[in-house]
Amino acid sequence: MVDGYQLRAQQTRLQIPLIYGVDAVHGHNNVIGATIFPHNVGLGATRDPSLVERTGKITAREVKATGIPWNFAPCLCVSRDDRWGRAYESFSEDPALVSRMASIVDGLQKNGVLATAKHYVADGGTAFGSSTTGDYTIDQGVFTGSRAELEAIHLAPFVEAVRRGVGTVMPSFSSVGDTKMHAHRELITDVLKGRLDFKGFVISDWQAIDQIPGDYPSDVRTSINAGLDMIMVPYAYVSFVDTLTAEVAAGRVAQSRIDDAVSRILTQKFELGLFERPYADRSGLPDVGSAEHRQVARAAAARSQVLLKNDGGLLPLPSSAKVYLAGSNADDLGNQAGGWTISWQGSSGPITEGTTILQGIRGRAASVTHSADASAPLAGHDVGVVVVGETPYAEGFGDVGRQGRTLDLSAADRAAVDKVCGALRCVVLVVSGRPLSLGDLSGVEAVVASWLPGTEGAGVSDPLFGAVPYTGRLPFSWFRTAGQLPLNVGDAAYDPLFPYGWGLRTDPARPRLKAVRDQLAKGDGTSRAAAAALSVALASRNWTADGSVRDTRVVLTSLGVAAALLERSRSDTFAQDDAVVSVARDVAQAAGRRPDLQAAADHELAAGNLRKAVDLLTQSAR
């Protein structure tokens, strides 16, 4: 298809190649058989920028193999309200973590696909009930916060994307105050292109200029003068070209504005090599959906699993367990992939190639009885696993309050949890794009936030059975009741069910700390000094037999010294810093106090303030 379009472009006078873009927001998600990664909410839970960059690399390879050089991703929105239907497209409620995950830009662009940072700016911060589109309640709404909030929370990830050289930026359908973002000259031209020195081009969202108040010539004139360089007009392109030409002829759009837009677009086309190689390189087609690519997606799914509760150390399960498996999302590939999968809204069922959670569990457990509605007999099983959650949606279709949508579990899922967990020791896996109302968990030993893991359901079963440890952490605060929303790290009144950054681990702390100590010992001088501080903490007298901390005072003091040194190191990695702080988090979570400090610590870690993170966790543990 793209080559057909390109052939026509090559027949024009100047033979300027066309650039075609696609919404590959979690893998090449519109192509049956492609590798589908966890949505951004799950990738945020991994806390692993290098892994996220690898997902971008694989997405780029699969996108480019089908002849497409441009991706309308990543979404760098900072979602501040779980009621938003696009919450799962956000890496986190924390701008520091979203900025870390901008590493996906490198994964895409270093592998020949232009990235798009979207949706500029504050689309994740619109007020509930402010939407101006149809029956949406929050999507495409209005940001009513302060300028300081806009800059610190919502602009920050775009600053990082521009620093990484992102090629395109897409404005939001939403508004900042009274001004639609597609008409916001100050934020697009003065801030993005001026203050941030963005060198790429600004691409509109789908038919978005039509939402600017006024007639069509006004929509065209206003958007171009605001700084948009390319307009997505999928059906009205003839009218658009005629209108813009007339606006220039009348002097209402300056020729210099057109020259700037064209120069920006041509620069990106040249840098992509489209002038030399306009047609698809099909040599990568055998790799689309390959076992190698799916293995990375499986690892990402496994790393995204967040262990919220684990009473009595139920998890990981032994492979010998006789498992009773229930719930609506246990055997549904479409549900676990979510929206933006094969179709815009996504759909339930076997919509593409992949492995369901049921198949993944069957690959690990000695015996599995599957009964979606829990109608099969429960006797004779060692443990129950109930997989609950959401069905697919995208954008405003997922807004809470639209057509009665809530954050509650379905009646069928709730009944399955009550029945199975009332009879067996039990694990609840929550497959969703955001935190949900879980109700009474007193009879549930273990709870896992599985997010939307994509096509590789075996990634969910890997930590469930201990093939890899649980290491994921909440990218969003998990509310107690929906009445608390919006609820975010740093709020003055912060009382979540599970705080931002929460995540129980199933790997013992001492071996984890020893491994990072050995890595740091090979680094620069300050890294080696940090390793020496960790050696003090690693003395055997400070630890119990199971590898957990015995002498919290000595260990936390040593971690604080190491953290302060690592802030000055130039050879340490975020993964190493994260591992050091993780031991302090283990202690704080075991103490079970001050969730506000635990959440604040995870923000400080993402922001690079390691000593402050350890200090906050130490306070929380007291």
# chains A, B, ... in the order shown; residues from 1 in each chain; ligands from 1
$ residues_around --residues "Ala321 (chain A)" --least-positions-apart "5" --cutoff "8 Å" --atoms "only C-alpha atoms" --output "PyMOL selection string"
chain A and resi 365-367+381-383
$ closest_residue --among "A:Ser146, A:Asn71, A:Thr267, A:Gln211" --to "Ile16 (chain A)" --atoms "only C-alpha atoms"
A:Thr267
$ residues_around --residues "Thr526 (chain A)" --least-positions-apart "6" --cutoff "8 Å" --atoms "only C-alpha atoms" --output "JSON, numbers by chain"
{"A": [565, 566, 568, 569]}
$ closest_atom_pairs --of "region 439-501 of chain A" --to "region 40-61 of chain A" --cutoff "8 Å" --atoms "only C-alpha atoms" --output "CSV"
residue,atom,partner,partner_atom,distance
A:Ser450,CA,A:Gly42,CA,7.6
A:Trp451,CA,A:Gly42,CA,5.6
A:Leu452,CA,A:Gly42,CA,6.6
A:Pro453,CA,A:Gly42,CA,6.9
A:Thr471,CA,A:Thr46,CA,7.4
A:Gly472,CA,A:Thr46,CA,5.0
A:Arg473,CA,A:Ala45,CA,5.0
A:Leu474,CA,A:Ala45,CA,5.5
A:Pro475,CA,A:Ala45,CA,5.2
$ write_last_selection --atoms "N, CA, C and O atoms" --output "compact mmCIF listing (two decimals), in the first residue's frame"
# COMPACT_ATOMS: atom_id res chain seq x y z
N SER A 450 -1.53 -7.00 36.64
CA SER A 450 -0.94 -7.53 35.42
C SER A 450 -1.02 -6.55 34.26
O SER A 450 -0.46 -6.82 33.19
N TRP A 451 -1.75 -5.44 34.43
CA TRP A 451 -1.91 -4.42 33.40
C TRP A 451 -2.44 -5.03 32.10
O TRP A 451 -3.25 -5.95 32.14
N LEU A 452 -1.99 -4.54 30.96
CA LEU A 452 -2.38 -5.08 29.65
C LEU A 452 -1.12 -5.65 29.02
O LEU A 452 -0.36 -4.94 28.37
N PRO A 453 -0.84 -6.95 29.24
CA PRO A 453 0.48 -7.50 28.93
C PRO A 453 0.78 -7.74 27.47
O PRO A 453 1.92 -8.08 27.12
N THR A 471 9.30 -8.04 40.25
CA THR A 471 10.12 -6.85 40.47
C THR A 471 9.40 -5.56 40.11
O THR A 471 9.91 -4.47 40.35
N GLY A 472 8.19 -5.64 39.51
CA GLY A 472 7.49 -4.45 39.04
C GLY A 472 6.99 -3.58 40.18
O GLY A 472 6.81 -4.04 41.32
N ARG A 473 6.78 -2.29 39.88
CA ARG A 473 6.28 -1.34 40.86
C ARG A 473 5.18 -0.49 40.24
O ARG A 473 5.19 -0.22 39.03
N LEU A 474 4.28 -0.04 41.08
CA LEU A 474 3.13 0.72 40.59
C LEU A 474 3.57 2.03 39.94
O LEU A 474 4.23 2.85 40.57
N PRO A 475 3.17 2.24 38.67
CA PRO A 475 3.40 3.54 38.04
C PRO A 475 2.31 4.54 38.38
O PRO A 475 2.42 5.72 38.09
$ closest_atom_pairs --of "region 442-481 of chain A" --to "region 339-353 of chain A" --cutoff "10 Å" --atoms "only C-alpha atoms" --output "tab-separated table"
residue	atom	partner	partner_atom	distance
A:Leu452	CA	A:Gly339	CA	9.2
A:Gly454	CA	A:Thr341	CA	8.9
A:Thr455	CA	A:Glu353	CA	7.1
A:Glu456	CA	A:Glu353	CA	9.3
$ write_last_selection --atoms "N, CA and C atoms" --output "mmCIF file, in the first residue's frame"
data_model
loop_
_atom_site.group_PDB
_atom_site.id
_atom_site.type_symbol
_atom_site.label_atom_id
_atom_site.label_comp_id
_atom_site.auth_asym_id
_atom_site.auth_seq_id
_atom_site.Cartn_x
_atom_site.Cartn_y
_atom_site.Cartn_z
ATOM 1 N N LEU A 452 -1.986 -4.539 30.960
ATOM 2 C CA LEU A 452 -2.381 -5.085 29.652
ATOM 3 C C LEU A 452 -1.118 -5.653 29.023
ATOM 4 N N GLY A 454 -0.210 -7.598 26.569
ATOM 5 C CA GLY A 454 0.057 -7.821 25.160
ATOM 6 C C GLY A 454 -0.143 -9.264 24.751
ATOM 7 N N THR A 455 0.547 -9.664 23.702
ATOM 8 C CA THR A 455 0.300 -11.000 23.133
ATOM 9 C C THR A 455 1.014 -12.118 23.872
ATOM 10 N N GLU A 456 1.928 -11.773 24.769
ATOM 11 C CA GLU A 456 2.734 -12.831 25.392
ATOM 12 C C GLU A 456 2.280 -13.099 26.822
#
$ residues_around --residues "region 123-133 of chain A" --least-positions-apart "6" --cutoff "7 Å" --atoms "only C-alpha atoms" --output "ChimeraX atom specification"
/A:77-80,139-144,172,174
$ write_last_selection --atoms "N, CA and C atoms" --output "JSON list (two decimals), in the first residue's frame"
[["chain", "number", "residue", "atom", "x", "y", "z"],
["A", 77, "CYS", "N", 2.27, 11.51, 27.72],
["A", 77, "CYS", "CA", 1.32, 12.15, 28.62],
["A", 77, "CYS", "C", 1.58, 11.69, 30.05],
["A", 78, "VAL", "N", 1.27, 12.55, 30.98],
["A", 78, "VAL", "CA", 1.36, 12.23, 32.41],
["A", 78, "VAL", "C", -0.09, 12.16, 32.91],
["A", 79, "SER", "N", -0.60, 10.94, 33.04],
["A", 79, "SER", "CA", -2.00, 10.77, 33.39],
["A", 79, "SER", "C", -2.20, 11.00, 34.88],
["A", 80, "ARG", "N", -3.03, 11.96, 35.21],
["A", 80, "ARG", "CA", -3.24, 12.34, 36.61],
["A", 80, "ARG", "C", -4.62, 11.93, 37.13],
["A", 139, "ASP", "N", -11.48, 12.88, 28.41],
["A", 139, "ASP", "CA", -10.63, 12.92, 27.23],
["A", 139, "ASP", "C", -11.01, 14.11, 26.35],
["A", 140, "GLN", "N", -10.01, 14.75, 25.78],
["A", 140, "GLN", "CA", -10.20, 15.94, 24.94],
["A", 140, "GLN", "C", -10.87, 17.07, 25.74],
["A", 141, "GLY", "N", -10.54, 17.11, 27.03],
["A", 141, "GLY", "CA", -11.10, 18.13, 27.91],
["A", 141, "GLY", "C", -10.21, 19.34, 28.05],
["A", 142, "VAL", "N", -10.30, 19.99, 29.21],
["A", 142, "VAL", "CA", -9.62, 21.27, 29.43],
["A", 142, "VAL", "C", -8.69, 21.15, 30.63],
["A", 143, "PHE", "N", -7.44, 21.56, 30.43],
["A", 143, "PHE", "CA", -6.50, 21.67, 31.54],
["A", 143, "PHE", "C", -6.74, 23.01, 32.22],
["A", 144, "THR", "N", -7.05, 22.96, 33.51],
["A", 144, "THR", "CA", -7.39, 24.18, 34.25],
["A", 144, "THR", "C", -6.38, 24.49, 35.34],
["A", 172, "SER", "N", -2.27, 17.91, 21.38],
["A", 172, "SER", "CA", -3.43, 17.21, 21.92],
["A", 172, "SER", "C", -4.74, 17.78, 21.38],
["A", 174, "SER", "N", -7.00, 18.27, 23.38],
["A", 174, "SER", "CA", -7.49, 18.99, 24.55],
["A", 174, "SER", "C", -7.13, 20.47, 24.48]]
$ residues_around --residues "Ala254 (chain A)" --least-positions-apart "6" --cutoff "12 Å" --atoms "only C-alpha atoms" --output "list in words"
Arg221, Thr222, Ile224, Asn225, Ala226, Gly227, Leu244, Thr245, Ala246, Glu247, Val248, Asp260 and Ala261 of chain A
$ closest_residue --among "A:Leu228, A:Leu272, A:Val460, A:Ala599" --to "Ala301 (chain A)" --atoms "only C-alpha atoms"
A:Val460
$ atom_distance --atom1 "CA of Pro486 (chain A)" --atom2 "CA of Asp81 (chain A)"
4.7 Å
$ closest_residue --among "A:Gly165, A:Gly21, A:Gly608, A:Pro316" --to "Ala467 (chain A)" --atoms "only C-alpha atoms"
A:Pro316
$ residues_around --residues "region 94-96 of chain A" --least-positions-apart "4" --cutoff "9 Å" --atoms "only C-alpha atoms" --output "MDAnalysis selection string"
chainID A and resid 76:80 100:101 152:157 475:476 488:489 500 603:608
$ closest_residue --among "A:Val306, A:Cys421, A:Leu314, A:Leu538" --to "Gly503 (chain A)" --atoms "only C-alpha atoms"
A:Val306
$ closest_residue --among "A:Val400, A:Val420, A:Ala34, A:Leu556" --to "Ser375 (chain A)" --atoms "only C-alpha atoms"
A:Val420
